[in-house]
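Only one structure is covered here, and it is reproduced in the block below.
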Amino acid sequence: MSRTSWGGRADRPVGMYTIRDDSTTWTPAIDINRVALIGACTGFVAAALSTAAVLRRPPWPEMTERTMIAIAQARAAESRR
């Protein structure tokens, strides 16, 4: 069986009926190219979202001058003990 498409494109197979003895089953046609395209698009979207998240707020600590001075003072106080 095929699905009639619009716009003058070719028909696309959607599956076939398999008849064995007394039973009839539907076997869907799997379009591997469509599955691969969906996987690639999902990967690109995940990469874009994670990049945006890291650029907005990096996972490493914020190293400003005030933070570095506080760390140095804490280490100096710890070494004096």
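Numbering starts fresh at 1 for the residues of each chain in the structure tokens, the chains themselves are lettered A, B, ... in the order given, and ligands are numbered from 1 as they appear.
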*What residues in chain A get the DSSP label strand (DSSP E)? Please answer as number ranges by chain.*
A: 2-3, 12-13, 15-20, 23-28
_Taking the DSSP secondary structure from the backbone, can you list the residues of chain A that are helix (DSSP H, G or I), as a ChimeraX atom specification?_
/A:32-56,65-80
*asked:* Quick check, in Å to one decimal: how far apart do CA of Thr64 (chain A) and CA of Ala52 (chain A) lie?
replied: 21.6 Å
